[in-house]
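Trainee: What follows is the file entry28.pdb, containing PDB, C-alpha atoms:
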```
MODEL        1
ATOM      1  CA  MET A  41       0.000   0.000   0.000
ATOM      2  CA  ALA A  42       1.152   3.505  -0.696
ATOM      3  CA  SER A  43      -0.325   6.868   0.232
ATOM      4  CA  THR A  44       0.161  10.570  -0.431
ATOM      5  CA  SER A  45      -1.578  13.900   0.064
ATOM      6  CA  ILE A  46      -5.107  14.243  -1.258
ATOM      7  CA  LEU A  47      -4.279  17.763  -2.390
ATOM      8  CA  HIS A  48      -2.581  16.261  -5.444
ATOM      9  CA  PHE A  49      -5.641  14.215  -6.351
ATOM     10  CA  ARG A  50      -7.677  17.074  -7.813
ATOM     11  CA  PRO A  51     -10.867  15.337  -9.003
ATOM     12  CA  LEU A  52     -11.498  13.616  -5.667
ATOM     13  CA  PHE A  53     -10.509  16.745  -3.743
ATOM     14  CA  LEU A  54     -13.038  18.871  -5.615
ATOM     15  CA  PHE A  55     -15.740  16.242  -5.126
ATOM     16  CA  VAL A  56     -15.028  16.041  -1.409
ATOM     17  CA  LEU A  57     -14.926  19.828  -1.042
ATOM     18  CA  VAL A  58     -18.335  20.253  -2.663
ATOM     19  CA  ALA A  59     -19.817  17.381  -0.655
ATOM     20  CA  SER A  60     -18.420  18.806   2.578
ATOM     21  CA  LEU A  61     -19.880  22.241   1.938
ATOM     22  CA  ARG A  62     -23.283  20.799   1.077
ATOM     23  CA  CYS A  63     -23.285  18.540   4.112
ATOM     24  CA  GLY A  64     -22.254  21.314   6.468
ATOM     25  CA  ALA A  65     -24.959  23.575   5.141
ATOM     26  CA  ALA A  66     -27.557  20.849   5.544
ATOM     27  CA  ALA A  67     -26.525  20.345   9.146
ATOM     28  CA  GLY A  68     -27.034  24.047   9.798
ATOM     29  CA  ASP A  69     -23.594  24.545  11.334
ATOM     30  CA  VAL A  70     -20.562  24.403   9.070
ATOM     31  CA  ASP A  71     -18.127  24.417  11.964
ATOM     32  CA  GLY A  72     -19.759  21.917  14.274
ATOM     33  CA  GLY A  73     -22.992  20.504  12.881
ATOM     34  CA  GLU A  74     -24.110  16.929  13.155
ATOM     35  CA  GLY A  75     -23.919  16.093   9.451
ATOM     36  CA  PHE A  76     -21.593  13.394   8.196
ATOM     37  CA  CYS A  77     -18.988  15.900   7.062
ATOM     38  CA  SER A  78     -18.741  17.816  10.328
ATOM     39  CA  ALA A  79     -15.704  16.967  12.437
ATOM     40  CA  GLU A  80     -15.781  15.895  16.045
ATOM     41  CA  PRO A  81     -13.324  17.643  18.415
ATOM     42  CA  SER A  82     -10.261  15.684  19.453
ATOM     43  CA  SER A  83     -10.598  14.244  22.957
ATOM     44  CA  GLU A  84      -6.864  14.681  23.428
ATOM     45  CA  CYS A  85      -7.130  18.442  22.940
ATOM     46  CA  SER A  86     -10.588  19.266  24.258
ATOM     47  CA  GLY A  87     -10.962  17.047  27.301
ATOM     48  CA  GLY A  88     -13.836  15.420  25.473
ATOM     49  CA  PRO A  89     -15.074  11.812  25.398
ATOM     50  CA  PRO A  90     -12.657   8.919  25.975
ATOM     51  CA  LEU A  91     -10.723   7.135  23.275
ATOM     52  CA  TYR A  92     -12.926   5.325  20.722
ATOM     53  CA  TRP A  93     -16.104   6.917  22.147
ATOM     54  CA  LYS A  94     -17.493   7.367  18.629
ATOM     55  CA  ALA A  95     -16.911   3.695  17.814
ATOM     56  CA  THR A  96     -18.884   2.521  20.858
ATOM     57  CA  HIS A  97     -21.516   5.298  20.879
ATOM     58  CA  PRO A  98     -22.096   5.919  17.166
ATOM     59  CA  THR A  99     -24.823   8.203  15.882
ATOM     60  CA  LEU A 100     -26.493   7.935  12.512
ATOM     61  CA  ALA A 101     -25.265  10.793  10.361
ATOM     62  CA  PRO A 102     -26.497  12.998   8.789
ATOM     63  CA  ALA A 103     -28.603  13.439  11.913
ATOM     64  CA  HIS A 104     -31.917  14.002  10.123
ATOM     65  CA  LEU A 105     -31.789  10.404   8.806
ATOM     66  CA  GLN A 106     -32.282   9.044  12.327
ATOM     67  CA  ASP A 107     -36.035   9.593  11.944
ATOM     68  CA  LEU A 108     -36.301   7.991   8.502
ATOM     69  CA  PRO A 109     -37.907   4.534   8.964
ATOM     70  CA  GLY A 110     -35.974   1.685   7.405
ATOM     71  CA  PHE A 111     -32.895   3.735   6.554
ATOM     72  CA  THR A 112     -29.454   2.132   6.824
ATOM     73  CA  ARG A 113     -26.082   2.668   5.217
ATOM     74  CA  SER A 114     -25.365  -1.073   5.442
ATOM     75  CA  VAL A 115     -24.648  -2.811   2.125
ATOM     76  CA  VAL A 116     -23.935  -6.506   1.530
ATOM     77  CA  LYS A 117     -22.510  -7.687  -1.795
ATOM     78  CA  ARG A 118     -20.806 -10.813  -3.102
ATOM     79  CA  ASP A 119     -17.267  -9.627  -2.384
ATOM     80  CA  HIS A 120     -17.671  -6.999   0.334
ATOM     81  CA  ALA A 121     -19.992  -5.667   3.001
ATOM     82  CA  LEU A 122     -20.401  -2.415   4.902
ATOM     83  CA  ILE A 123     -22.131  -3.035   8.247
ATOM     84  CA  THR A 124     -23.128   0.198   9.975
ATOM     85  CA  PRO A 125     -24.144   0.605  13.638
ATOM     86  CA  GLU A 126     -27.815   1.406  13.067
ATOM     87  CA  SER A 127     -28.311  -2.120  11.675
ATOM     88  CA  HIS A 128     -26.537  -4.034  14.477
ATOM     89  CA  VAL A 129     -28.653  -6.735  16.105
ATOM     90  CA  PHE A 130     -27.579  -7.729  19.640
ATOM     91  CA  GLY A 131     -28.531 -10.920  21.422
ATOM     92  CA  PRO A 132     -27.186 -13.144  24.205
ATOM     93  CA  LEU A 133     -23.835 -14.679  23.324
ATOM     94  CA  PRO A 134     -23.909 -18.487  23.651
ATOM     95  CA  ASP A 135     -22.618 -19.641  27.071
ATOM     96  CA  TRP A 136     -21.497 -16.130  28.073
ATOM     97  CA  ILE A 137     -22.966 -14.667  31.267
ATOM     98  CA  ASN A 138     -24.792 -11.334  31.183
ATOM     99  CA  THR A 139     -23.308 -10.436  27.795
ATOM    100  CA  LEU A 140     -24.934  -9.295  24.564
ATOM    101  CA  GLY A 141     -23.194  -9.729  21.232
ATOM    102  CA  ALA A 142     -23.611  -8.609  17.633
ATOM    103  CA  TYR A 143     -21.991 -10.696  14.898
ATOM    104  CA  LEU A 144     -20.641  -8.385  12.214
ATOM    105  CA  ILE A 145     -18.782 -10.852   9.958
ATOM    106  CA  SER A 146     -19.156 -14.637   9.804
ATOM    107  CA  PRO A 147     -18.636 -17.560   7.397
ATOM    108  CA  SER A 148     -22.235 -17.182   6.205
ATOM    109  CA  ILE A 149     -21.141 -14.052   4.346
ATOM    110  CA  GLY A 150     -18.145 -15.792   2.778
ATOM    111  CA  ALA A 151     -15.504 -15.065   5.432
ATOM    112  CA  HIS A 152     -13.247 -17.675   7.024
ATOM    113  CA  PHE A 153     -13.386 -15.872  10.382
ATOM    114  CA  THR A 154     -15.926 -14.291  12.697
ATOM    115  CA  MET A 155     -15.855 -10.735  13.998
ATOM    116  CA  TYR A 156     -18.291  -9.636  16.676
ATOM    117  CA  LEU A 157     -18.948  -7.088  19.392
ATOM    118  CA  ALA A 158     -19.448  -8.185  23.000
ATOM    119  CA  ASN A 159     -21.171  -5.798  25.407
ATOM    120  CA  MET A 160     -20.380  -6.782  29.000
ATOM    121  CA  GLN A 161     -21.729  -5.367  32.275
ATOM    122  CA  ASP A 162     -20.981  -5.748  35.958
ATOM    123  CA  GLY A 163     -20.916  -9.491  36.578
ATOM    124  CA  SER A 164     -20.401 -10.518  32.958
ATOM    125  CA  LYS A 165     -18.222 -13.518  32.138
ATOM    126  CA  SER A 166     -16.998 -14.945  28.836
ATOM    127  CA  ALA A 167     -17.221 -18.462  27.459
ATOM    128  CA  LEU A 168     -14.519 -20.392  25.622
ATOM    129  CA  PRO A 169     -14.527 -20.452  21.816
ATOM    130  CA  PRO A 170     -15.156 -23.794  20.079
ATOM    131  CA  LYS A 171     -12.418 -26.433  19.987
ATOM    132  CA  ASP A 172      -9.410 -25.561  17.787
ATOM    133  CA  VAL A 173     -10.509 -21.918  17.417
ATOM    134  CA  GLU A 174      -8.118 -19.064  18.167
ATOM    135  CA  ARG A 175      -9.341 -15.721  19.496
ATOM    136  CA  LEU A 176      -8.190 -12.091  19.598
ATOM    137  CA  VAL A 177      -9.906  -9.643  21.963
ATOM    138  CA  PHE A 178      -9.549  -5.844  21.673
ATOM    139  CA  VAL A 179     -11.027  -3.501  24.312
ATOM    140  CA  LEU A 180     -13.037  -0.593  22.899
ATOM    141  CA  GLN A 181     -14.635   0.634  26.135
ATOM    142  CA  GLY A 182     -14.290  -0.161  29.832
ATOM    143  CA  GLY A 183     -12.009  -2.982  30.908
ATOM    144  CA  ILE A 184     -11.790  -6.693  31.674
ATOM    145  CA  SER A 185      -9.854  -9.052  33.877
ATOM    146  CA  LEU A 186      -8.424 -11.877  31.777
ATOM    147  CA  SER A 187      -7.504 -15.098  33.549
ATOM    148  CA  VAL A 188      -5.386 -17.607  31.653
ATOM    149  CA  GLY A 189      -4.552 -21.149  32.662
ATOM    150  CA  ALA A 190      -3.990 -21.954  36.307
ATOM    151  CA  GLY A 191      -4.012 -18.436  37.670
ATOM    152  CA  THR A 192      -2.287 -15.801  35.542
ATOM    153  CA  THR A 193      -4.438 -12.654  35.434
ATOM    154  CA  HIS A 194      -4.133  -9.634  33.132
ATOM    155  CA  SER A 195      -5.984  -6.330  33.358
ATOM    156  CA  LEU A 196      -7.025  -5.061  29.916
ATOM    157  CA  LEU A 197      -8.201  -1.477  29.494
ATOM    158  CA  VAL A 198      -9.199   0.509  26.402
ATOM    159  CA  ASP A 199      -6.750   0.003  23.515
ATOM    160  CA  SER A 200      -5.405  -3.214  25.075
ATOM    161  CA  TYR A 201      -5.733  -6.641  23.500
ATOM    162  CA  ALA A 202      -5.035 -10.321  23.978
ATOM    163  CA  TYR A 203      -4.374 -13.079  21.464
ATOM    164  CA  LEU A 204      -5.449 -16.474  22.804
ATOM    165  CA  PRO A 205      -4.202 -19.553  20.949
ATOM    166  CA  ALA A 206      -6.649 -22.356  20.235
ATOM    167  CA  ASN A 207      -7.639 -24.569  23.179
ATOM    168  CA  ILE A 208      -6.012 -22.388  25.828
ATOM    169  CA  LYS A 209      -8.194 -22.164  28.934
ATOM    170  CA  HIS A 210      -9.171 -18.600  29.757
ATOM    171  CA  SER A 211     -12.006 -16.427  31.007
ATOM    172  CA  MET A 212     -12.830 -12.734  30.910
ATOM    173  CA  ILE A 213     -14.886 -10.940  33.540
ATOM    174  CA  SER A 214     -16.004  -7.344  33.788
ATOM    175  CA  ASP A 215     -17.296  -5.202  36.632
ATOM    176  CA  GLU A 216     -18.266  -2.224  34.447
ATOM    177  CA  SER A 217     -19.831  -1.402  31.098
ATOM    178  CA  THR A 218     -17.355  -2.816  28.575
ATOM    179  CA  THR A 219     -17.310  -3.273  24.809
ATOM    180  CA  LEU A 220     -14.980  -5.738  23.110
ATOM    181  CA  VAL A 221     -14.383  -6.467  19.451
ATOM    182  CA  ILE A 222     -13.451 -10.127  19.005
ATOM    183  CA  PHE A 223     -11.974 -12.057  16.081
ATOM    184  CA  GLU A 224     -12.087 -15.861  15.930
ATOM    185  CA  ARG A 225     -10.993 -18.382  13.319
ATOM    186  CA  SER A 226     -10.089 -22.058  13.070
ATOM    187  CA  ALA A 227      -6.411 -22.420  13.882
ATOM    188  CA  THR A 228      -3.936 -23.919  11.447
ATOM    189  CA  GLU A 229      -2.631 -27.287  12.592
ATOM    190  CA  ASP A 230       1.032 -27.999  13.368
ATOM    191  CA  PHE A 231       1.754 -24.496  14.635
ATOM    192  CA  HIS A 232       1.951 -23.407  18.258
ATOM    193  CA  PRO A 233       1.664 -19.625  18.680
ATOM    194  CA  ASP A 234       2.123 -18.048  22.098
ATOM    195  CA  LEU A 235      -0.293 -16.065  24.231
ATOM    196  CA  ILE A 236       0.102 -12.338  23.479
ATOM    197  CA  VAL A 237      -1.122  -9.525  25.752
ATOM    198  CA  GLY A 238      -0.363  -5.930  24.835
ATOM    199  CA  SER A 239      -1.605  -2.441  24.024
ATOM    200  CA  THR A 240      -1.574  -0.398  20.845
ATOM    201  CA  ASP A 241       0.612   2.401  22.190
ATOM    202  CA  LYS A 242       3.356  -0.085  23.100
ATOM    203  CA  GLN A 243       3.687  -1.315  19.518
ATOM    204  CA  PRO A 244       6.317   0.403  17.375
ATOM    205  CA  LEU A 245       5.507   2.374  14.270
ATOM    206  CA  LEU A 246       6.611   0.355  11.266
ATOM    207  CA  GLU A 247       8.287   1.571   8.124
ATOM    208  CA  THR A 248       5.882   2.187   5.246
ATOM    209  CA  PRO A 249       8.176   3.231   2.363
ATOM    210  CA  GLY A 250       6.582   5.757   0.064
ATOM    211  CA  GLU A 251       3.479   6.034   2.247
ATOM    212  CA  VAL A 252       2.152   8.636   4.656
ATOM    213  CA  PHE A 253      -0.140   6.648   6.956
ATOM    214  CA  GLN A 254       1.165   5.167  10.216
ATOM    215  CA  LEU A 255       1.128   1.401  10.780
ATOM    216  CA  ARG A 256       1.336  -0.806  13.857
ATOM    217  CA  LYS A 257       0.956  -4.595  13.994
ATOM    218  CA  LEU A 258      -0.441  -6.137  17.152
ATOM    219  CA  LEU A 259       0.888  -9.681  16.617
ATOM    220  CA  PRO A 260       4.282 -11.079  15.642
ATOM    221  CA  THR A 261       4.854 -11.576  11.932
ATOM    222  CA  SER A 262       6.425 -15.016  12.470
ATOM    223  CA  LEU A 263       5.102 -18.223  10.884
ATOM    224  CA  PRO A 264       3.065 -19.595  13.846
ATOM    225  CA  TYR A 265       0.565 -16.711  13.527
ATOM    226  CA  ASP A 266      -1.899 -17.153  10.673
ATOM    227  CA  PHE A 267      -3.467 -13.708  10.979
ATOM    228  CA  ASN A 268      -2.497 -10.264  12.184
ATOM    229  CA  ILE A 269      -4.288  -7.134  13.336
ATOM    230  CA  HIS A 270      -3.082  -3.844  11.880
ATOM    231  CA  ILE A 271      -3.745  -0.442  13.432
ATOM    232  CA  MET A 272      -3.611   2.179  10.683
ATOM    233  CA  ASP A 273      -3.684   5.961  11.185
ATOM    234  CA  PHE A 274      -4.421   8.519   8.461
ATOM    235  CA  GLN A 275      -4.334  12.267   8.930
ATOM    236  CA  PRO A 276      -7.061  14.273   7.187
ATOM    237  CA  GLY A 277      -6.400  14.375   3.443
ATOM    238  CA  GLU A 278      -4.188  11.273   3.370
ATOM    239  CA  TYR A 279      -5.164   8.372   1.189
ATOM    240  CA  LEU A 280      -3.900   5.091  -0.215
ATOM    241  CA  ASN A 281      -2.066   5.703  -3.460
ATOM    242  CA  VAL A 282      -2.556   2.120  -4.674
ATOM    243  CA  LYS A 283      -5.933   0.491  -5.172
ATOM    244  CA  GLU A 284      -5.117  -2.894  -3.678
ATOM    245  CA  VAL A 285      -6.171  -6.281  -5.042
ATOM    246  CA  HIS A 286      -4.871  -9.334  -3.128
ATOM    247  CA  TYR A 287      -5.803 -12.791  -1.868
ATOM    248  CA  ASN A 288      -6.071 -11.783   1.808
ATOM    249  CA  GLN A 289      -9.420 -11.277   3.506
ATOM    250  CA  HIS A 290     -10.044  -8.258   5.732
ATOM    251  CA  GLY A 291     -12.309  -7.391   8.622
ATOM    252  CA  LEU A 292     -12.146  -3.683   9.471
ATOM    253  CA  LEU A 293     -13.558  -1.581  12.307
ATOM    254  CA  LEU A 294     -13.291   2.188  12.007
ATOM    255  CA  LEU A 295     -12.232   3.356  15.469
ATOM    256  CA  GLU A 296     -11.908   7.089  14.809
ATOM    257  CA  GLY A 297     -12.545   9.565  12.033
ATOM    258  CA  GLN A 298     -14.362   9.414   8.725
ATOM    259  CA  GLY A 299     -13.622   9.075   5.050
ATOM    260  CA  ILE A 300     -14.419   7.387   1.751
ATOM    261  CA  TYR A 301     -13.847   3.684   1.132
ATOM    262  CA  ARG A 302     -13.813   2.254  -2.372
ATOM    263  CA  LEU A 303     -14.765  -1.428  -2.602
ATOM    264  CA  GLY A 304     -14.994  -2.841  -6.108
ATOM    265  CA  ASP A 305     -16.803  -0.205  -8.160
ATOM    266  CA  SER A 306     -18.655   1.287  -5.179
ATOM    267  CA  TRP A 307     -17.687   4.301  -3.059
ATOM    268  CA  TYR A 308     -18.905   4.465   0.546
ATOM    269  CA  PRO A 309     -18.840   7.297   3.114
ATOM    270  CA  VAL A 310     -17.654   5.678   6.355
ATOM    271  CA  GLN A 311     -17.304   6.875   9.935
ATOM    272  CA  SER A 312     -16.412   5.677  13.426
ATOM    273  CA  GLY A 313     -18.243   2.493  14.342
ATOM    274  CA  ASP A 314     -18.546   1.165  10.773
ATOM    275  CA  THR A 315     -17.407  -2.366   9.931
ATOM    276  CA  ILE A 316     -16.198  -3.581   6.530
ATOM    277  CA  TRP A 317     -15.672  -7.103   5.219
ATOM    278  CA  MET A 318     -13.425  -7.465   2.166
ATOM    279  CA  ALA A 319     -13.291 -10.764   0.268
ATOM    280  CA  PRO A 320     -10.158 -11.930  -1.548
ATOM    281  CA  PHE A 321      -9.307  -9.876  -4.616
ATOM    282  CA  VAL A 322     -11.900  -7.145  -4.127
ATOM    283  CA  PRO A 323     -10.357  -3.800  -5.218
ATOM    284  CA  GLN A 324     -10.009  -1.565  -2.152
ATOM    285  CA  TRP A 325      -8.944   2.006  -1.443
ATOM    286  CA  TYR A 326      -9.384   4.609   1.323
ATOM    287  CA  ALA A 327      -9.191   8.391   1.750
ATOM    288  CA  ALA A 328      -9.456  10.193   5.111
ATOM    289  CA  LEU A 329     -11.739  13.228   5.372
ATOM    290  CA  GLY A 330     -12.749  15.638   8.122
ATOM    291  CA  LYS A 331     -10.534  17.461  10.605
ATOM    292  CA  THR A 332      -9.330  14.625  12.838
ATOM    293  CA  ARG A 333      -7.313  11.492  12.191
ATOM    294  CA  THR A 334      -8.752   8.233  10.958
ATOM    295  CA  ARG A 335      -7.761   5.129  12.885
ATOM    296  CA  TYR A 336      -8.948   1.695  11.908
ATOM    297  CA  LEU A 337      -8.348  -1.821  13.115
ATOM    298  CA  LEU A 338      -7.816  -4.354  10.331
ATOM    299  CA  TYR A 339      -7.817  -8.156  10.381
ATOM    300  CA  LYS A 340      -5.610  -9.774   7.726
ATOM    301  CA  ASP A 341      -4.840 -13.457   7.184
ATOM    302  CA  VAL A 342      -1.104 -14.118   6.663
ATOM    303  CA  ASN A 343       1.617 -16.785   6.541
ATOM    304  CA  ARG A 344      -0.490 -19.525   4.951
ATOM    305  CA  ASN A 345      -0.778 -21.020   1.479
ATOM    306  CA  PRO A 346      -4.135 -19.868   0.057
ATOM    307  CA  LEU A 347      -4.728 -23.405  -1.247
ATOM    308  CA  ILE A 348      -5.069 -24.654   2.340
TER     309      ILE A 348
ENDMDL
END
```
Please lay out the structure from this file as structure tokens.

Mentor:
Amino acid sequence: MASTSILHFRPLFLFVLVASLRCGAAAGDVDGGEGFCSAEPSSECSGGPPLYWKATHPTLAPAHLQDLPGFTRSVVKRDHALITPESHVFGPLPDWINTLGAYLISPSIGAHFTMYLANMQDGSKSALPPKDVERLVFVLQGGISLSVGAGTTHSLLVDSYAYLPANIKHSMISDESTTLVIFERSATEDFHPDLIVGSTDKQPLLETPGEVFQLRKLLPTSLPYDFNIHIMDFQPGEYLNVKEVHYNQHGLLLLEGQGIYRLGDSWYPVQSGDTIWMAPFVPQWYAALGKTRTRYLLYKDVNRNPLI
């Protein structure tokens, strides 16, 4: 992937400029309206909501669409899907205690992994995944206590995560309102990855030659790991220079910001809280809009022969 400044991409820049002006006018407040194109203040600078607040408390934008019956931005196609928060359906997670979940991506859509949200409360407790299934948990809101094996306990707060190899005994409990995003897939045989517990801010920025966006990887890139989770940051106006086409599948959650995602021949406005599934070989491209950074979390399968 490669990226550069959107100021050199004149046709898209003009389109975005016109759309932004129209959206701001419709919202009635160019500087701070509730339309899609208005920018939320940075919590780091304004003392505003906590990290990833928009991802866990999304609002349908433009705001006037909230009262339109049956409206959703969600789209499901053969090789991609955009799943937006207003169409989430929560229900009890099997064998979990006091926890509601919403499955965002699953094999029924064509994926080889599942991606779901888990909303925990005081007294909530997790269940184990099925046999031979590996799991990655990322904390979006609140916090959990993760117990692994005979007695090792880890405290995971917002922006922390844990990778749990298949068949490792573990449990997660919460004593507050907590939202997790969880990825699960059948593990590849003959490999023995290790338990990983970490946080995004502890991961180094990686070199991205010829690109502008910032990249972190949450898991090791070594052979035992058959998927990775990328954290990608774009400043306003930055975009991918290359429209990618590859064999890897993706599951994406937009944690912060807003922009335009191209999937195949379709162009989608996206914002915090949106989820995207990308099938193998679907053309994909992103541009960041607004006044604050975009950050998204991206699942990517790696280190395996696609024939297997």

Trainee: Could you write out as a PyMOL selection string the residues that the PyMOL selection byres ((chain A and resi 331-341) around 8) matches in the shown file?

Mentor: chain A and resi 79-82+266-276+288-299+328-330+342-344

Trainee: What does the file look like for those residues with C-alpha atoms, as a short mmCIF file (atom, residue, chain, number, x, y, z; two decimals), in the frame of the given file?

Mentor:
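The result, stored in part-v7.cif:
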```cif
data_model
loop_
_atom_site.label_atom_id
_atom_site.label_comp_id
_atom_site.auth_asym_id
_atom_site.auth_seq_id
_atom_site.Cartn_x
_atom_site.Cartn_y
_atom_site.Cartn_z
CA ALA A 79 -15.70 16.97 12.44
CA GLU A 80 -15.78 15.90 16.05
CA PRO A 81 -13.32 17.64 18.42
CA SER A 82 -10.26 15.68 19.45
CA ASP A 266 -1.90 -17.15 10.67
CA PHE A 267 -3.47 -13.71 10.98
CA ASN A 268 -2.50 -10.26 12.18
CA ILE A 269 -4.29 -7.13 13.34
CA HIS A 270 -3.08 -3.84 11.88
CA ILE A 271 -3.74 -0.44 13.43
CA MET A 272 -3.61 2.18 10.68
CA ASP A 273 -3.68 5.96 11.18
CA PHE A 274 -4.42 8.52 8.46
CA GLN A 275 -4.33 12.27 8.93
CA PRO A 276 -7.06 14.27 7.19
CA ASN A 288 -6.07 -11.78 1.81
CA GLN A 289 -9.42 -11.28 3.51
CA HIS A 290 -10.04 -8.26 5.73
CA GLY A 291 -12.31 -7.39 8.62
CA LEU A 292 -12.15 -3.68 9.47
CA LEU A 293 -13.56 -1.58 12.31
CA LEU A 294 -13.29 2.19 12.01
CA LEU A 295 -12.23 3.36 15.47
CA GLU A 296 -11.91 7.09 14.81
CA GLY A 297 -12.54 9.56 12.03
CA GLN A 298 -14.36 9.41 8.72
CA GLY A 299 -13.62 9.07 5.05
CA ALA A 328 -9.46 10.19 5.11
CA LEU A 329 -11.74 13.23 5.37
CA GLY A 330 -12.75 15.64 8.12
CA VAL A 342 -1.10 -14.12 6.66
CA ASN A 343 1.62 -16.78 6.54
CA ARG A 344 -0.49 -19.52 4.95
#
```

Trainee: May I ask which of the residues A:Leu220, A:Leu303, A:Ala327, A:Ala95 is the closest one to Tyr143 in chain A, counting all atoms listed in the file?

Mentor: A:Leu220

Trainee: How many Å lie between CA of Val116 in chain A and CA of Gly131 in chain A, rounded to one decimal?

Mentor: 20.9 Å

Trainee: Identify which of the residues A:Leu259, A:Leu180, A:Ile137, A:Ile145 lies closest to Thr124 in chain A, counting all atoms listed in the file when measuring atom-to-atom distances.

Mentor: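 Looking at the shortest contact to Thr124 in chain A, the residue is A:Ile145.
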
Trainee: Report, in Å with one decimal, the straight-line distance from CA of Glu216 in chain A to CA of Gly163 in chain A.

Mentor: 8.0 Å

Trainee: Name the residues captured by the PyMOL selection byres ((chain A and resi 301) around 6) when it is applied to the shown file; answer as a PyMOL selection string.

Mentor: chain A and resi 300+302+307-308+325-326

Trainee: For the residues in that selection, give me C-alpha atoms as a PDB file, keeping the file's coordinate frame.

Mentor:
```pdb
ATOM      1  CA  ILE A 300     -14.419   7.387   1.751  1.00  0.00           C
ATOM      2  CA  ARG A 302     -13.813   2.254  -2.372  1.00  0.00           C
ATOM      3  CA  TRP A 307     -17.687   4.301  -3.059  1.00  0.00           C
ATOM      4  CA  TYR A 308     -18.905   4.465   0.546  1.00  0.00           C
ATOM      5  CA  TRP A 325      -8.944   2.006  -1.443  1.00  0.00           C
ATOM      6  CA  TYR A 326      -9.384   4.609   1.323  1.00  0.00           C
TER       7      TYR A 326
END
```

Trainee: Which residue gives the smallest distance to Gly150 in chain A among A:Leu91, A:Ala190, A:Leu176, A:Ala121, with all atoms listed in the file counted?

Mentor: A:Ala121

Trainee: Pull the closest atom pair for each residue of range 117-201 of chain A that gets at most 7 Å from range 227-238 of chain A, along with the distance in Å to one decimal, counting only C-alpha atoms, ordering rows by chain and then ascending residue number, as JSON lines.

Mentor:
```
{"residue": "A:Asp172", "atom": "CA", "partner": "A:Ala227", "partner_atom": "CA", "distance": 5.8}
{"residue": "A:Val173", "atom": "CA", "partner": "A:Ala227", "partner_atom": "CA", "distance": 5.4}
{"residue": "A:Glu174", "atom": "CA", "partner": "A:Ala227", "partner_atom": "CA", "distance": 5.7}
{"residue": "A:Ser200", "atom": "CA", "partner": "A:Gly238", "partner_atom": "CA", "distance": 5.7}
{"residue": "A:Tyr201", "atom": "CA", "partner": "A:Gly238", "partner_atom": "CA", "distance": 5.6}
```

Trainee: Report the distance between CA of Thr96 in chain A and CA of Phe253 in chain A in Å, rounded to one decimal place.

Mentor: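 If I compute the distance from CA of Thr96 in chain A to CA of Phe253 in chain A, I get 23.7 Å.
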
Trainee: Residues picked by the PyMOL selection byres ((chain A and resi 135) around 9) here, as a ChimeraX atom specification?

Mentor: /A:132-134,136-137,166-168

Trainee: Taking all listed atoms of range 323-341 of chain A, build the axis-aligned box, pad each of the six sides by 6 Å, then write its centre and edge lengths in Å to one decimal as JSON.

Mentor:
```
{"center_x": -8.8, "center_y": 2.0, "center_z": 3.9, "size_x": 19.9, "size_y": 42.9, "size_z": 30.3}
```

Trainee: Which residues come within 12 Å of Ser217 in chain A, counting all atoms listed in the file, excluding same-chain residues fewer than 5 positions away, as a ChimeraX atom specification?

Mentor: /A:96,138-140,158-164,179-184,197-198

Trainee: Which residues are near Ala142 in chain A? Cut-off 8 Å, all atoms listed in the file, ignore same chain within fewer than 5 positions. Put them as JSON, numbers by chain.

Mentor: {"A": [128, 129, 130, 131, 156, 157, 158]}

Trainee: I'd like the contact shell of His194 in chain A - 9 Å cut-off, all atoms listed in the file, skipping same-chain residues fewer than 2 positions apart - returned as a PyMOL selection string.

Mentor: chain A and resi 184-188+192+196+237

Trainee: Between A:Lys242, A:Ala319, A:Asp314, A:Pro346, which residue has the minimum interatomic distance to His120 in chain A, considering all atoms listed in the file?

Mentor: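 Result for the nearest residue to His120 in chain A: A:Ala319.
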
Trainee: Got a minute to add N, CA, C and O atoms to range 176-181 of chain A and dump it as a compact mmCIF listing (two decimals), in the coordinates of the input?

Mentor:
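Contents of part21.txt, as written:
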```txt
# COMPACT_ATOMS: atom_id res chain seq x y z
N LEU A 176 -8.83 -13.36 19.23
CA LEU A 176 -8.19 -12.09 19.60
C LEU A 176 -9.26 -11.15 20.13
O LEU A 176 -10.32 -10.99 19.51
N VAL A 177 -8.98 -10.55 21.28
CA VAL A 177 -9.91 -9.64 21.96
C VAL A 177 -9.27 -8.26 22.02
O VAL A 177 -8.10 -8.13 22.43
N PHE A 178 -10.03 -7.23 21.63
CA PHE A 178 -9.55 -5.84 21.67
C PHE A 178 -10.58 -5.04 22.44
O PHE A 178 -11.78 -5.09 22.15
N VAL A 179 -10.12 -4.25 23.44
CA VAL A 179 -11.03 -3.50 24.31
C VAL A 179 -11.31 -2.13 23.70
O VAL A 179 -10.40 -1.33 23.49
N LEU A 180 -12.60 -1.87 23.45
CA LEU A 180 -13.04 -0.59 22.90
C LEU A 180 -13.52 0.36 23.98
O LEU A 180 -13.42 1.58 23.83
N GLN A 181 -14.08 -0.18 25.04
CA GLN A 181 -14.64 0.63 26.14
C GLN A 181 -14.57 -0.17 27.42
O GLN A 181 -14.76 -1.39 27.41
```
